[in-house]
Structures are given as structure tokens and as C-alpha cells.
$ cat work.cif   # mmCIF, C-alpha atoms
data_coords
#
loop_
_atom_site.group_PDB
_atom_site.id
_atom_site.type_symbol
_atom_site.label_atom_id
_atom_site.label_comp_id
_atom_site.auth_asym_id
_atom_site.auth_seq_id
_atom_site.Cartn_x
_atom_site.Cartn_y
_atom_site.Cartn_z
ATOM 1 C CA MET M 1 -17.770 22.337 11.259
ATOM 2 C CA GLU M 2 -16.726 25.160 8.966
ATOM 3 C CA ILE M 3 -14.694 22.846 6.792
ATOM 4 C CA LEU M 4 -17.805 20.917 5.728
ATOM 5 C CA ASN M 5 -19.488 24.061 4.388
ATOM 6 C CA TYR M 6 -17.310 23.964 1.271
ATOM 7 C CA ALA M 7 -18.075 21.529 -1.512
ATOM 8 C CA PHE M 8 -14.424 21.093 -2.485
ATOM 9 C CA MET M 9 -13.523 20.091 1.072
ATOM 10 C CA GLN M 10 -16.397 17.608 1.193
ATOM 11 C CA ARG M 11 -15.010 16.016 -1.959
ATOM 12 C CA ALA M 12 -11.466 16.110 -0.587
ATOM 13 C CA LEU M 13 -12.458 14.460 2.711
ATOM 14 C CA LEU M 14 -14.392 11.715 0.916
ATOM 15 C CA ALA M 15 -11.413 11.064 -1.337
ATOM 16 C CA ALA M 16 -9.105 11.065 1.704
ATOM 17 C CA VAL M 17 -11.193 8.418 3.484
ATOM 18 C CA LEU M 18 -11.196 6.186 0.406
ATOM 19 C CA VAL M 19 -7.446 6.598 0.001
ATOM 20 C CA GLY M 20 -6.895 5.803 3.672
ATOM 21 C CA ILE M 21 -8.782 2.532 3.212
ATOM 22 C CA THR M 22 -7.448 1.360 -0.128
ATOM 23 C CA ALA M 23 -3.742 2.197 0.150
ATOM 24 C CA PRO M 24 -2.987 0.062 3.249
ATOM 25 C CA ALA M 25 -5.407 -2.643 2.042
ATOM 26 C CA VAL M 26 -3.188 -3.212 -0.985
ATOM 27 C CA GLY M 27 0.051 -2.316 0.757
ATOM 28 C CA ILE M 28 -0.203 -5.200 3.205
ATOM 29 C CA TYR M 29 0.172 -7.670 0.328
ATOM 30 C CA LEU M 30 3.033 -5.716 -1.227
ATOM 31 C CA VAL M 31 4.873 -5.687 2.108
ATOM 32 C CA GLN M 32 4.411 -9.452 2.455
ATOM 33 C CA ARG M 33 5.759 -9.905 -1.085
ATOM 34 C CA ARG M 34 8.741 -7.621 -0.337
ATOM 35 C CA GLN M 35 7.616 -5.248 -3.080
ATOM 36 C CA ALA M 36 7.214 -2.180 -0.917
ATOM 37 C CA LEU M 37 8.447 0.169 -3.643
ATOM 38 C CA MET M 38 6.118 -1.152 -6.318
ATOM 39 C CA GLY M 39 3.684 1.701 -5.713
ATOM 40 C CA ASP M 40 6.461 4.205 -6.314
ATOM 41 C CA GLY M 41 7.281 2.626 -9.664
ATOM 42 C CA ILE M 42 3.628 2.580 -10.723
ATOM 43 C CA GLY M 43 3.380 6.234 -9.718
ATOM 44 C CA HIS M 44 6.134 7.080 -12.182
ATOM 45 C CA VAL M 45 4.330 5.215 -14.965
ATOM 46 C CA ALA M 46 1.008 6.882 -14.099
ATOM 47 C CA MET M 47 2.538 10.263 -14.926
ATOM 48 C CA THR M 48 2.409 9.300 -18.600
ATOM 49 C CA GLY M 49 -1.306 8.595 -18.217
ATOM 50 C CA VAL M 50 -1.896 12.002 -16.647
ATOM 51 C CA GLY M 51 -0.031 13.698 -19.480
ATOM 52 C CA LEU M 52 -1.954 11.724 -22.100
ATOM 53 C CA GLY M 53 -5.208 12.669 -20.418
ATOM 54 C CA PHE M 54 -4.443 16.361 -20.837
ATOM 55 C CA LEU M 55 -3.136 15.869 -24.368
ATOM 56 C CA LEU M 56 -6.196 13.905 -25.533
ATOM 57 C CA THR M 57 -8.619 16.033 -23.437
ATOM 58 C CA TRP M 58 -9.796 12.940 -21.589
ATOM 59 C CA SER M 59 -10.080 12.339 -17.839
ATOM 60 C CA PRO M 60 -6.512 12.219 -16.423
ATOM 61 C CA VAL M 61 -7.698 9.861 -13.659
ATOM 62 C CA TRP M 62 -9.106 7.260 -16.061
ATOM 63 C CA MET M 63 -6.200 7.608 -18.474
ATOM 64 C CA ALA M 64 -3.726 7.246 -15.591
ATOM 65 C CA THR M 65 -5.617 4.141 -14.469
ATOM 66 C CA LEU M 66 -5.324 2.582 -17.922
ATOM 67 C CA VAL M 67 -1.615 3.375 -18.285
ATOM 68 C CA SER M 68 -0.872 2.286 -14.693
ATOM 69 C CA VAL M 69 -2.580 -1.065 -15.205
ATOM 70 C CA LEU M 70 -0.600 -1.670 -18.392
ATOM 71 C CA GLY M 71 2.597 -0.660 -16.591
ATOM 72 C CA ALA M 72 1.843 -2.943 -13.640
ATOM 73 C CA VAL M 73 1.226 -5.903 -15.953
ATOM 74 C CA LEU M 74 4.483 -5.161 -17.758
ATOM 75 C CA MET M 75 6.297 -5.011 -14.412
ATOM 76 C CA GLU M 76 4.982 -8.477 -13.526
ATOM 77 C CA LEU M 77 6.048 -9.851 -16.905
ATOM 78 C CA ILE M 78 9.527 -8.419 -16.392
ATOM 79 C CA ARG M 79 9.638 -9.997 -12.935
ATOM 80 C CA TRP M 80 8.749 -13.398 -14.409
ATOM 81 C CA TYR M 81 10.937 -13.419 -17.502
ATOM 82 C CA GLY M 82 13.581 -10.734 -17.030
ATOM 83 C CA LYS M 83 15.772 -12.602 -14.611
ATOM 84 C CA THR M 84 19.102 -11.160 -15.768
ATOM 85 C CA ARG M 85 18.309 -7.674 -17.079
ATOM 86 C CA GLY M 86 15.026 -7.091 -15.277
ATOM 87 C CA ASP M 87 16.312 -4.236 -13.113
ATOM 88 C CA ILE M 88 17.436 -2.269 -16.169
ATOM 89 C CA ALA M 89 14.096 -2.814 -17.895
ATOM 90 C CA LEU M 90 12.219 -1.630 -14.803
ATOM 91 C CA ALA M 91 14.429 1.456 -14.536
ATOM 92 C CA MET M 92 13.703 2.375 -18.149
ATOM 93 C CA LEU M 93 9.983 1.826 -17.550
ATOM 94 C CA PHE M 94 9.921 4.060 -14.470
ATOM 95 C CA TYR M 95 12.001 6.911 -15.855
ATOM 96 C CA GLY M 96 10.323 6.658 -19.249
ATOM 97 C CA GLY M 97 6.961 7.006 -17.542
ATOM 98 C CA MET M 98 8.077 10.141 -15.741
ATOM 99 C CA ALA M 99 9.611 11.685 -18.850
ATOM 100 C CA GLY M 100 6.532 10.827 -20.919
ATOM 101 C CA GLY M 101 4.259 12.538 -18.421
ATOM 102 C CA VAL M 102 6.294 15.753 -18.470
ATOM 103 C CA MET M 103 6.462 15.732 -22.283
ATOM 104 C CA PHE M 104 2.779 15.035 -22.935
ATOM 105 C CA ILE M 105 1.470 17.569 -20.443
ATOM 106 C CA ASN M 106 3.652 20.283 -21.948
ATOM 107 C CA LEU M 107 2.415 19.394 -25.444
ATOM 108 C CA ALA M 108 -1.219 19.567 -24.316
ATOM 109 C CA PRO M 109 -2.978 22.874 -25.119
ATOM 110 C CA THR M 110 -4.492 23.108 -21.618
ATOM 111 C CA GLY M 111 -1.628 21.463 -19.744
ATOM 112 C CA SER M 112 1.108 23.071 -17.676
ATOM 113 C CA ASN M 113 3.663 22.182 -15.044
ATOM 114 C CA ALA M 114 1.243 23.496 -12.428
ATOM 115 C CA ASN M 115 -1.293 20.840 -13.494
ATOM 116 C CA LEU M 116 1.362 18.150 -13.238
ATOM 117 C CA THR M 117 2.453 19.334 -9.786
ATOM 118 C CA SER M 118 -1.065 18.888 -8.413
ATOM 119 C CA TYR M 119 -0.958 15.229 -9.503
ATOM 120 C CA LEU M 120 2.581 14.674 -8.258
ATOM 121 C CA PHE M 121 2.025 15.962 -4.719
ATOM 122 C CA GLY M 122 -1.765 16.107 -4.341
ATOM 123 C CA SER M 123 -4.129 19.067 -4.260
ATOM 124 C CA LEU M 124 -7.347 19.499 -2.292
ATOM 125 C CA SER M 125 -8.899 22.304 -4.306
ATOM 126 C CA THR M 126 -8.627 20.468 -7.642
ATOM 127 C CA VAL M 127 -10.612 17.346 -6.674
ATOM 128 C CA SER M 128 -13.642 17.590 -8.961
ATOM 129 C CA GLU M 129 -16.958 15.733 -8.889
ATOM 130 C CA SER M 130 -15.834 13.552 -11.793
ATOM 131 C CA ASP M 131 -12.650 12.732 -9.855
ATOM 132 C CA VAL M 132 -14.729 11.686 -6.835
ATOM 133 C CA THR M 133 -16.914 9.460 -9.010
ATOM 134 C CA ALA M 134 -13.864 7.783 -10.515
ATOM 135 C CA ILE M 135 -12.207 7.403 -7.102
ATOM 136 C CA CYS M 136 -15.345 5.806 -5.619
ATOM 137 C CA LEU M 137 -15.625 3.265 -8.438
ATOM 138 C CA LEU M 138 -11.938 2.402 -8.357
ATOM 139 C CA ALA M 139 -11.908 2.187 -4.540
ATOM 140 C CA ALA M 140 -14.858 -0.225 -4.637
ATOM 141 C CA PHE M 141 -12.868 -2.494 -6.967
ATOM 142 C CA VAL M 142 -9.840 -2.402 -4.645
ATOM 143 C CA VAL M 143 -11.896 -3.217 -1.547
ATOM 144 C CA LEU M 144 -13.685 -6.095 -3.286
ATOM 145 C CA VAL M 145 -10.393 -7.643 -4.397
ATOM 146 C CA THR M 146 -8.413 -7.150 -1.180
ATOM 147 C CA LEU M 147 -11.204 -8.444 1.066
ATOM 148 C CA GLY M 148 -12.918 -10.967 -1.196
ATOM 149 C CA LEU M 149 -9.674 -12.733 -2.169
ATOM 150 C CA ARG M 150 -7.709 -12.071 1.008
ATOM 151 C CA ARG M 151 -6.988 -15.754 1.717
ATOM 152 C CA GLN M 152 -5.711 -16.460 -1.785
ATOM 153 C CA LEU M 153 -3.703 -13.239 -2.021
ATOM 154 C CA PHE M 154 -2.171 -13.815 1.390
ATOM 155 C CA ALA M 155 -1.179 -17.377 0.494
ATOM 156 C CA VAL M 156 0.535 -16.234 -2.692
ATOM 157 C CA SER M 157 2.235 -13.346 -0.895
ATOM 158 C CA GLN M 158 3.609 -15.649 1.791
ATOM 159 C CA ASP M 159 4.892 -18.543 -0.338
ATOM 160 C CA GLU M 160 4.321 -18.765 -4.086
ATOM 161 C CA GLU M 161 5.585 -22.333 -4.341
ATOM 162 C CA PHE M 162 3.275 -23.599 -1.610
ATOM 163 C CA ALA M 163 0.342 -21.700 -3.153
ATOM 164 C CA ARG M 164 1.109 -23.281 -6.530
ATOM 165 C CA VAL M 165 1.188 -26.761 -4.989
ATOM 166 C CA THR M 166 -2.216 -26.200 -3.394
ATOM 167 C CA GLY M 167 -3.670 -25.433 -6.811
ATOM 168 C CA LEU M 168 -3.976 -21.649 -6.659
ATOM 169 C CA PRO M 169 -3.534 -19.719 -9.943
ATOM 170 C CA VAL M 170 -0.380 -17.966 -8.757
ATOM 171 C CA ARG M 171 0.353 -15.947 -11.883
ATOM 172 C CA ALA M 172 -3.225 -14.755 -12.209
ATOM 173 C CA LEU M 173 -3.254 -13.689 -8.556
ATOM 174 C CA ASN M 174 0.089 -11.923 -8.956
ATOM 175 C CA LEU M 175 -1.277 -10.021 -11.937
ATOM 176 C CA LEU M 176 -4.417 -9.148 -9.991
ATOM 177 C CA THR M 177 -2.300 -7.810 -7.121
ATOM 178 C CA ALA M 178 -0.292 -5.662 -9.528
ATOM 179 C CA VAL M 179 -3.438 -4.340 -11.217
ATOM 180 C CA THR M 180 -5.025 -3.576 -7.834
ATOM 181 C CA ALA M 181 -1.892 -1.700 -6.775
ATOM 182 C CA ALA M 182 -2.046 0.311 -10.016
ATOM 183 C CA VAL M 183 -5.680 1.202 -9.397
ATOM 184 C CA THR M 184 -4.835 2.239 -5.842
ATOM 185 C CA VAL M 185 -2.135 4.606 -7.090
ATOM 186 C CA THR M 186 -4.636 6.428 -9.272
ATOM 187 C CA VAL M 187 -7.150 6.519 -6.425
ATOM 188 C CA ALA M 188 -4.599 8.215 -4.172
ATOM 189 C CA MET M 189 -2.928 10.604 -6.605
ATOM 190 C CA ARG M 190 -5.466 13.429 -6.198
ATOM 191 C CA VAL M 191 -4.989 13.481 -2.412
ATOM 192 C CA VAL M 192 -1.449 12.278 -1.685
ATOM 193 C CA GLY M 193 0.208 12.609 -5.080
ATOM 194 C CA LEU M 194 1.915 10.108 -7.362
ATOM 195 C CA LEU M 195 5.348 10.560 -5.795
ATOM 196 C CA LEU M 196 4.149 10.062 -2.215
ATOM 197 C CA VAL M 197 1.470 7.393 -2.558
ATOM 198 C CA SER M 198 3.916 4.540 -1.928
ATOM 199 C CA ALA M 199 4.482 5.796 1.624
ATOM 200 C CA LEU M 200 0.765 5.542 2.390
ATOM 201 C CA MET M 201 0.714 1.989 1.049
ATOM 202 C CA VAL M 202 3.667 0.807 3.141
ATOM 203 C CA VAL M 203 4.136 2.856 6.321
ATOM 204 C CA PRO M 204 0.687 2.205 7.888
ATOM 205 C CA VAL M 205 1.285 -1.532 7.423
ATOM 206 C CA ALA M 206 4.737 -1.269 9.002
ATOM 207 C CA ALA M 207 3.217 0.720 11.881
ATOM 208 C CA ALA M 208 0.476 -1.867 12.450
ATOM 209 C CA GLN M 209 3.021 -4.697 12.470
ATOM 210 C CA GLN M 210 4.625 -3.150 15.554
ATOM 211 C CA LEU M 211 1.535 -4.019 17.603
ATOM 212 C CA THR M 212 -0.197 -6.916 15.889
ATOM 213 C CA ARG M 213 0.625 -10.534 15.225
ATOM 214 C CA SER M 214 -2.123 -11.847 12.934
ATOM 215 C CA PHE M 215 -2.892 -10.852 9.350
ATOM 216 C CA ALA M 216 -6.460 -9.797 10.170
ATOM 217 C CA ALA M 217 -5.339 -7.544 13.029
ATOM 218 C CA THR M 218 -2.576 -6.009 10.912
ATOM 219 C CA PHE M 219 -5.066 -5.352 8.113
ATOM 220 C CA ALA M 220 -7.550 -3.659 10.454
ATOM 221 C CA VAL M 221 -4.985 -1.529 12.302
ATOM 222 C CA SER M 222 -3.213 -0.429 9.112
ATOM 223 C CA VAL M 223 -6.514 0.693 7.558
ATOM 224 C CA ALA M 224 -7.395 2.531 10.778
ATOM 225 C CA VAL M 225 -4.026 4.294 10.703
ATOM 226 C CA GLY M 226 -4.491 5.125 7.015
ATOM 227 C CA VAL M 227 -7.926 6.668 7.502
ATOM 228 C CA THR M 228 -6.779 8.606 10.574
ATOM 229 C CA VAL M 229 -3.743 10.170 8.919
ATOM 230 C CA THR M 230 -5.507 11.003 5.652
ATOM 231 C CA ILE M 231 -8.369 12.775 7.414
ATOM 232 C CA SER M 232 -6.001 14.522 9.840
ATOM 233 C CA GLY M 233 -3.684 15.553 7.017
ATOM 234 C CA THR M 234 -6.545 16.893 4.906
ATOM 235 C CA VAL M 235 -7.949 18.946 7.776
ATOM 236 C CA THR M 236 -4.497 20.224 8.730
ATOM 237 C CA SER M 237 -3.813 21.163 5.120
ATOM 238 C CA TYR M 238 -6.999 23.239 5.004
ATOM 239 C CA TYR M 239 -6.431 25.162 8.241
ATOM 240 C CA GLN M 240 -2.662 25.593 7.998
ATOM 241 C CA ASP M 241 -2.414 26.022 4.193
ATOM 242 C CA VAL M 242 0.246 23.322 3.793
ATOM 243 C CA PRO M 243 0.593 20.669 1.051
ATOM 244 C CA PRO M 244 -1.826 17.778 1.733
ATOM 245 C CA GLY M 245 0.387 14.978 0.412
ATOM 246 C CA ALA M 246 3.430 15.956 2.427
ATOM 247 C CA THR M 247 1.303 16.515 5.534
ATOM 248 C CA ILE M 248 -0.320 13.097 5.275
ATOM 249 C CA VAL M 249 2.993 11.307 4.756
ATOM 250 C CA LEU M 250 4.641 13.076 7.697
ATOM 251 C CA LEU M 251 1.679 12.198 9.921
ATOM 252 C CA THR M 252 1.964 8.588 8.743
ATOM 253 C CA ILE M 253 5.633 8.483 9.714
ATOM 254 C CA GLY M 254 4.702 10.060 13.055
ATOM 255 C CA ALA M 255 2.120 7.300 13.610
ATOM 256 C CA PHE M 256 4.815 4.705 12.886
ATOM 257 C CA VAL M 257 7.156 6.270 15.456
ATOM 258 C CA LEU M 258 4.346 6.442 18.051
ATOM 259 C CA LEU M 259 3.256 2.831 17.576
ATOM 260 C CA THR M 260 6.860 1.679 17.656
ATOM 261 C CA ALA M 261 7.327 3.446 21.004
ATOM 262 C CA LEU M 262 4.145 1.819 22.344
ATOM 263 C CA ALA M 263 5.185 -1.601 21.072
ATOM 264 C CA ALA M 264 8.367 -1.783 23.171
ATOM 265 C CA PRO M 265 6.707 -1.946 26.634
ATOM 266 C CA LEU M 266 3.967 -4.146 25.184
ATOM 267 C CA ALA M 267 6.579 -6.622 23.951
ATOM 268 C CA ARG M 268 8.255 -6.645 27.375
ATOM 269 C CA ARG M 269 4.901 -7.266 29.061
ATOM 270 C CA ARG M 270 4.194 -10.166 26.705
ATOM 271 C CA ALA M 271 7.637 -11.622 27.391
ATOM 272 C CA ARG M 272 7.082 -11.448 31.170
ATOM 273 C CA ALA M 273 3.662 -13.043 30.787
ATOM 274 C CA ALA M 274 5.146 -15.853 28.715
ATOM 275 C CA THR M 275 7.877 -16.388 31.297
ATOM 276 C CA THR M 276 5.447 -16.606 34.205
ATOM 277 C CA ALA M 277 3.271 -19.004 32.232
ATOM 278 C CA LEU M 278 6.126 -21.518 31.919
ATOM 279 C CA PRO M 279 5.889 -24.546 34.246
ATOM 280 C CA THR M 280 7.973 -24.187 37.397
ATOM 281 C CA ALA M 281 9.098 -27.824 37.315
ATOM 282 C CA ASP M 282 10.095 -30.022 34.430
ATOM 283 C CA PRO M 283 7.551 -32.604 33.281
ATOM 284 C CA ALA M 284 8.245 -36.130 34.401
ATOM 285 C CA GLU M 285 9.372 -37.251 30.968
ATOM 286 C CA CYS M 286 11.861 -34.367 30.762
ATOM 287 C CA LYS M 287 13.522 -34.947 34.140
ATOM 288 C CA ILE M 288 17.141 -36.013 34.160
ATOM 289 C CA PRO M 289 17.342 -39.557 35.531
ATOM 290 C CA ALA M 290 19.193 -40.150 38.768
ATOM 291 C CA THR M 291 22.842 -41.144 38.578
ATOM 292 C CA ARG M 292 23.183 -44.817 37.928
ATOM 293 C CA GLY M 293 24.927 -47.081 40.316
ATOM 294 C CA ALA M 294 28.067 -48.936 39.449
ATOM 295 C CA GLY M 295 26.158 -52.157 38.801
ATOM 296 C CA ASP M 296 23.441 -50.619 36.634
ATOM 297 C CA GLU M 297 23.460 -51.528 32.974
ATOM 298 C CA ILE M 298 23.508 -48.579 30.573
ATOM 299 C CA GLY M 299 20.902 -48.685 27.865
ATOM 300 C CA VAL M 300 18.443 -51.038 29.543
#
$ encode --input "work.cif" --output "C-alpha cells"
Amino acid sequence: MEILNYAFMQRALLAAVLVGITAPAVGIYLVQRRQALMGDGIGHVAMTGVGLGFLLTWSPVWMATLVSVLGAVLMELIRWYGKTRGDIALAMLFYGGMAGGVMFINLAPTGSNANLTSYLFGSLSTVSESDVTAICLLAAFVVLVTLGLRRQLFAVSQDEEFARVTGLPVRALNLLTAVTAAVTVTVAMRVVGLLLVSALMVVPVAAAQQLTRSFAATFAVSVAVGVTVTISGTVTSYYQDVPPGATIVLLTIGAFVLLTALAAPLARRRARAATTALPTADPAECKIPATRGAGDEIGV
């Protein structure tokens, strides 16, 4: 294939595959926890890290990772302790992160709004070898956490109180989930962009839930959808000269619509199968007794 003859496209495709794996792998826990927009908030905070990276002439990916992790931990602390004014604190954190990113990148000698745009919406041609190295290391961490601790993370995502009763370290696992989500945002920002990464974390999971019933099946299908749309979006972006992040997100939404359409007849078929599997006659213990005679004693 012609596309594989270019080094920048090889790097972009590798990054796309890793993003397609990691984003849904974390997103499935966020969806279970009803924190679908957490990735969007972390993306706003990561903008400050990108700006600081340019200002301090350090890797924007690693700096964004550091700032995102700190922001994710702060978000969890606000969720625990900021019961009354937590929403205001989160709003200030998100918008402050965005404003900080714009300010720092404009103060940087080598920074510009064009640099920031590539991180906000993704850019194939700017994925460097150092970016790929960072993405591979960060993606390995995400995969190890989401697969190695899947039972514990799922238990906490389903019911924190039950998980606490069983002896699981709920707060530590919540923090680990937030940190993993922050790492995933920085993994995806070079391909999808900071402002669109949340869609890739949530929509493939929602699409998989249309067809699957178990956690393992949902996990597998959502990752398959993620990898398919990221590769397809990257290839489409190269041949059609369209933005990669927007293309990937639109393909993800298209996959959701397609799987939803396929799920309707499948649900009807399952309902018919369940109906035909029901016993045709009531069990003996469920039969209504015959009408008693006038002389019969009730309750004997």
C-alpha cells in the first residue's frame, strides 16, 4: 500500500491503533461510573500541559501527561470532598486549564496557535518518533491496568459500597481509574485531539452495549470498534485530506448508528426465542386448584 511508504503515516497508523485500543478500554469503566464526560474535562486540563511543554521546551506529550494526572487526581478529590460546590470547582479547573494552555503556548518562543490546534483536533503529519515512543509506553500502562485489574475496577464502577464491604481499596482504585483516563487522553491527543478524545472513550462502548450483554463481550467489541474507526479515519484523512480527529469521531458515531440498527432485529429474535422457550403448561405447583365444594374446609 502506498500509504505505508511514508514514515509519518506509519507512525500515525501505529498511534491510531494504540488509541483505538486504549480509549474504549478506559471508557468502559467511565461509562459504568456515569462519568462519560470525564475525558472531556481532562482534555481541557491537558491543554495547560501542552502549553507548558512548549514554554519550557520539554516534550508536550510528557508534560501534558503530568498535568493531566494532577488534574485527574484533583477531580477525584473534588468529587469526594466538594459535595456542595464541587461543580463550580470543576468548572474553574476545566476552563482554567484551557485558558492556561492558550496563554502558555503564546508565551513560548516556538509556540503558536497552529501548534495548539494540532493538539486540540489531532494531526497526522506532526506525530514524531518521540511521540510514538511516549504513546507506546503510556498505552502499555493503560492496557496493563484495564486488563490486569478489570475485576476490581468493574466492581468499583458498578457499586462502590459493595466493593468497599468486600474489602477493595475503593479510593485507591478510583484514583487509579482517573489517572488511567488522564494517561489515555494524552495517548489520544496526537491522533484525535484533546477536544474530541472523550467521544472515542464513550461512543464505542455505547455502540458495543447495543449488541452485547456481558462485560467481557462489551470490552472486546468496543475495542474492536475503536481500532476499526481509528484506522479507517486515519486512512480516510490521508486520501481525502480531511481532519483526522473529526473523521474518526464521525465514523465512531456512524458505527454506533449501524450497531443500533442491527441490535433491533437481534433483540426481537432474542425475545421470540425466549417466548418459545417458555413452558407451554404451568408446573404442577403453579396450577390453580380446582374449585372447592361447598363442604370443603378452606385452609386445610
$ closest_atom_pairs --input "work.cif" --of "region 175-218 of chain M" --to "region 25-49 of chain M" --cutoff "7 Å" --atoms "all atoms listed in the file" --output "Markdown table"
| residue | atom | partner | partner_atom | distance |
| --- | --- | --- | --- | --- |
| M:Ala181 | CA | M:Val26 | CA | 6.1 |
| M:Ala182 | CA | M:Ile42 | CA | 6.2 |
| M:Val185 | CA | M:Gly43 | CA | 6.3 |
| M:Leu194 | CA | M:Gly43 | CA | 4.8 |
| M:Leu195 | CA | M:Gly43 | CA | 6.2 |
| M:Val197 | CA | M:Gly39 | CA | 6.9 |
| M:Ser198 | CA | M:Gly39 | CA | 4.7 |
| M:Met201 | CA | M:Gly27 | CA | 4.4 |
| M:Val202 | CA | M:Gly27 | CA | 5.3 |
| M:Val205 | CA | M:Ile28 | CA | 5.8 |
$ residues_near_point --input "work.cif" --point "(-7.0, 15.0, -27.5)" --cutoff "12 Å" --atoms "all atoms listed in the file" --output "list of chain:residue names"
M:Gly51, M:Leu52, M:Gly53, M:Phe54, M:Leu55, M:Leu56, M:Thr57, M:Trp58, M:Ser59, M:Pro60, M:Met63, M:Phe104, M:Ile105, M:Leu107, M:Ala108, M:Pro109, M:Thr110, M:Gly111
$ resolve_selection --input "work.cif" --expression "the PyMOL selection byres ((chain M and resi 152) around 9)" --output "PyMOL selection string"
chain M and resi 149-151+153-157+163+168+170+173
$ atom_distance --input "work.cif" --atom1 "CA of Ser237 (chain M)" --atom2 "CA of Val132 (chain M)"
18.8 Å
$ atom_distance --input "work.cif" --atom1 "CA of Met98 (chain M)" --atom2 "CA of Pro24 (chain M)"
24.2 Å
$ closest_residue --input "work.cif" --among "M:Val127, M:Val50, M:Leu211, M:Leu66" --to "Gly100 (chain M)" --atoms "all atoms listed in the file"
M:Val50
$ residues_around --input "work.cif" --residues "Ser125 (chain M)" --least-positions-apart "3" --cutoff "8 Å" --atoms "only C-alpha atoms" --output "JSON, numbers by chain"
{"M": [8, 9, 12]}
$ atom_distance --input "work.cif" --atom1 "CA of Val192 (chain M)" --atom2 "CA of Phe121 (chain M)"
5.9 Å
$ closest_residue --input "work.cif" --among "M:Val142, M:Met103, M:Ile78, M:Leu147" --to "Ala188 (chain M)" --atoms "all atoms listed in the file"
M:Val142
$ closest_residue --input "work.cif" --among "M:Leu196, M:Ala207, M:Val187, M:Leu4" --to "Ala261 (chain M)" --atoms "only C-alpha atoms"
M:Ala207
$ closest_residue --input "work.cif" --among "M:Ala16, M:Val257, M:Ala23, M:Val183" --to "Ser68 (chain M)" --atoms "only C-alpha atoms"
M:Val183
$ closest_residue --input "work.cif" --among "M:Thr184, M:Thr247, M:Asn5, M:Thr230" --to "Gly20 (chain M)" --atoms "all atoms listed in the file"
M:Thr230
$ resolve_selection --input "work.cif" --expression "the PyMOL selection byres ((chain M and resi 223) around 9)" --output "JSON, numbers by chain"
{"M": [20, 21, 22, 23, 24, 25, 204, 205, 208, 218, 219, 220, 221, 222, 224, 225, 226, 227, 228]}
$ write_last_selection --input "work.cif" --atoms "C-alpha atoms" --output "PDB file, keeping the file's coordinate frame"
ATOM      1  CA  GLY M  20      -6.895   5.803   3.672  1.00  0.00           C
ATOM      2  CA  ILE M  21      -8.782   2.532   3.212  1.00  0.00           C
ATOM      3  CA  THR M  22      -7.448   1.360  -0.128  1.00  0.00           C
ATOM      4  CA  ALA M  23      -3.742   2.197   0.150  1.00  0.00           C
ATOM      5  CA  PRO M  24      -2.987   0.062   3.249  1.00  0.00           C
ATOM      6  CA  ALA M  25      -5.407  -2.643   2.042  1.00  0.00           C
ATOM      7  CA  PRO M 204       0.687   2.205   7.888  1.00  0.00           C
ATOM      8  CA  VAL M 205       1.285  -1.532   7.423  1.00  0.00           C
ATOM      9  CA  ALA M 208       0.476  -1.867  12.450  1.00  0.00           C
ATOM     10  CA  THR M 218      -2.576  -6.009  10.912  1.00  0.00           C
ATOM     11  CA  PHE M 219      -5.066  -5.352   8.113  1.00  0.00           C
ATOM     12  CA  ALA M 220      -7.550  -3.659  10.454  1.00  0.00           C
ATOM     13  CA  VAL M 221      -4.985  -1.529  12.302  1.00  0.00           C
ATOM     14  CA  SER M 222      -3.213  -0.429   9.112  1.00  0.00           C
ATOM     15  CA  ALA M 224      -7.395   2.531  10.778  1.00  0.00           C
ATOM     16  CA  VAL M 225      -4.026   4.294  10.703  1.00  0.00           C
ATOM     17  CA  GLY M 226      -4.491   5.125   7.015  1.00  0.00           C
ATOM     18  CA  VAL M 227      -7.926   6.668   7.502  1.00  0.00           C
ATOM     19  CA  THR M 228      -6.779   8.606  10.574  1.00  0.00           C
TER      20      THR M 228
END
$ closest_residue --input "work.cif" --among "M:Leu124, M:Val179, M:Ala139, M:Leu70" --to "Pro244 (chain M)" --atoms "all atoms listed in the file"
M:Leu124
$ residues_near_point --input "work.cif" --point "(-18.6, 22.1, -7.2)" --cutoff "8 Å" --atoms "all atoms listed in the file" --output "PyMOL selection string"
chain M and resi 7-8+128-129
$ write_last_selection --input "work.cif" --atoms "C-alpha atoms" --output "JSON list (two decimals), in the coordinates of the input"
[["chain", "number", "residue", "atom", "x", "y", "z"],
["M", 7, "ALA", "CA", -18.08, 21.53, -1.51],
["M", 8, "PHE", "CA", -14.42, 21.09, -2.48],
["M", 128, "SER", "CA", -13.64, 17.59, -8.96],
["M", 129, "GLU", "CA", -16.96, 15.73, -8.89]]
$ axis_aligned_box --input "work.cif" --around "region 237-244 of chain M" --padding-each-side "4 Å" --output "lines of an AutoDock Vina configuration file"
center_x = -3.2
center_y = 21.9
center_z = 4.6
size_x = 15.6
size_y = 16.2
size_z = 15.2
$ resolve_selection --input "work.cif" --expression "the PyMOL selection byres ((chain M and resi 171) around 10)" --output "count of residues only"
15
